[in-house]
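Take a look at the structure below.
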Amino acid sequence: MSDFLILAAVAAVPFVSAVTGIILRRNPPCRNVIFGYRTKLSMSCDELWNTAQRLCGRLLTAVCAPLTVAVTAVCAVLLKNGLDSNGKFILMCVSVGVEIAALAAVNIAVERLLKKAGGRSE
């Protein structure tokens, strides 16, 4: 796999997440069954739905935009120094793990903030 494709693959998830955050923040969707920050708590009422979209959008942008730059820069440096196939595979696995952890942290933060904003645990 070429180094460019590895960089593109590594940067794709946080980049798409950051763009999704911008969309949720600037143009939050109405409550629906397809798109948005959808959890039992966020779907419970329109007020929490709107709050969840704004919070999730803000946090996704704040976390994933810098993550895109950081992951891409670190990968570019490592790839420039030369990695064998196993090293490239490990690099991709570690970057995906970091991205999943960041998305999980955003989810946990949004749920906590929603509970403080008036949601109740059911």
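Chains: A, B, ... in order of the structure tokens. Residues: from 1 per chain. Ligands: from 1, in order shown.
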*Could you name the residues that touch Gln53 (chain A) at 6 Å or less, counting only C-alpha atoms, but leaving out those on the same chain fewer than 3 positions away, as number ranges by chain?*
A: 24, 28, 37, 50, 56-57
Please produce a file of the residues just selected, as a PDB file, in the first residue's frame, where the atoms kept are N, CA and C atoms.
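The file below, result.pdb, is the result:
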```pdb
ATOM      1  N   LEU A  24     -23.210  19.475  12.397  1.00  0.00           N
ATOM      2  CA  LEU A  24     -24.123  19.399  13.539  1.00  0.00           C
ATOM      3  C   LEU A  24     -24.204  20.726  14.271  1.00  0.00           C
ATOM      4  N   PRO A  28     -27.965  21.934  12.759  1.00  0.00           N
ATOM      5  CA  PRO A  28     -28.399  20.696  13.416  1.00  0.00           C
ATOM      6  C   PRO A  28     -29.678  20.158  12.784  1.00  0.00           C
ATOM      7  N   TYR A  37     -26.778  13.028  16.536  1.00  0.00           N
ATOM      8  CA  TYR A  37     -26.317  12.357  17.740  1.00  0.00           C
ATOM      9  C   TYR A  37     -27.534  11.677  18.346  1.00  0.00           C
ATOM     10  N   ASN A  50     -31.831  18.995  20.507  1.00  0.00           N
ATOM     11  CA  ASN A  50     -31.124  20.178  20.006  1.00  0.00           C
ATOM     12  C   ASN A  50     -29.849  20.444  20.803  1.00  0.00           C
ATOM     13  N   CYS A  56     -22.476  17.835  20.706  1.00  0.00           N
ATOM     14  CA  CYS A  56     -21.718  16.857  19.940  1.00  0.00           C
ATOM     15  C   CYS A  56     -20.937  17.541  18.818  1.00  0.00           C
ATOM     16  N   GLY A  57     -21.572  18.463  18.132  1.00  0.00           N
ATOM     17  CA  GLY A  57     -20.895  19.187  17.062  1.00  0.00           C
ATOM     18  C   GLY A  57     -19.691  19.956  17.564  1.00  0.00           C
TER      19      GLY A  57
END
```
Could you list, as a PDB file with C-alpha atoms, in the first residue's frame, every residue within 8 Å of Ile6 (chain A), counting only C-alpha atoms and ignoring same-chain residues fewer than 4 positions away?
```pdb
ATOM      1  CA  MET A   1       0.000   0.000   0.000  1.00  0.00           C
ATOM      2  CA  SER A   2       1.416   3.384  -0.921  1.00  0.00           C
ATOM      3  CA  VAL A  10      -5.432   7.421   8.751  1.00  0.00           C
ATOM      4  CA  LYS A  88       2.621   0.352   8.467  1.00  0.00           C
ATOM      5  CA  MET A  92      -2.752   2.158  11.015  1.00  0.00           C
TER       6      MET A  92
END
```
*For region 64-70 of chain A, work out the shell of residues within 6 Å, counting only C-alpha atoms and skipping chain neighbours fewer than 3 positions away, then give it as an NGL selection string.*
:A and (11 or 14-15 or 18 or 60-61 or 73)
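Distance check against Leu5 (chain A) using only C-alpha atoms: of A:Val110, A:Ala105, A:Glu99, A:Thr72, the minimum falls on A:Thr72.
The shortest atom-to-atom distance to Gly87 (chain A), with only C-alpha atoms taken into account, belongs to A:Asp3 out of A:Asp3, A:Pro29, A:Glu47, A:Ile23.
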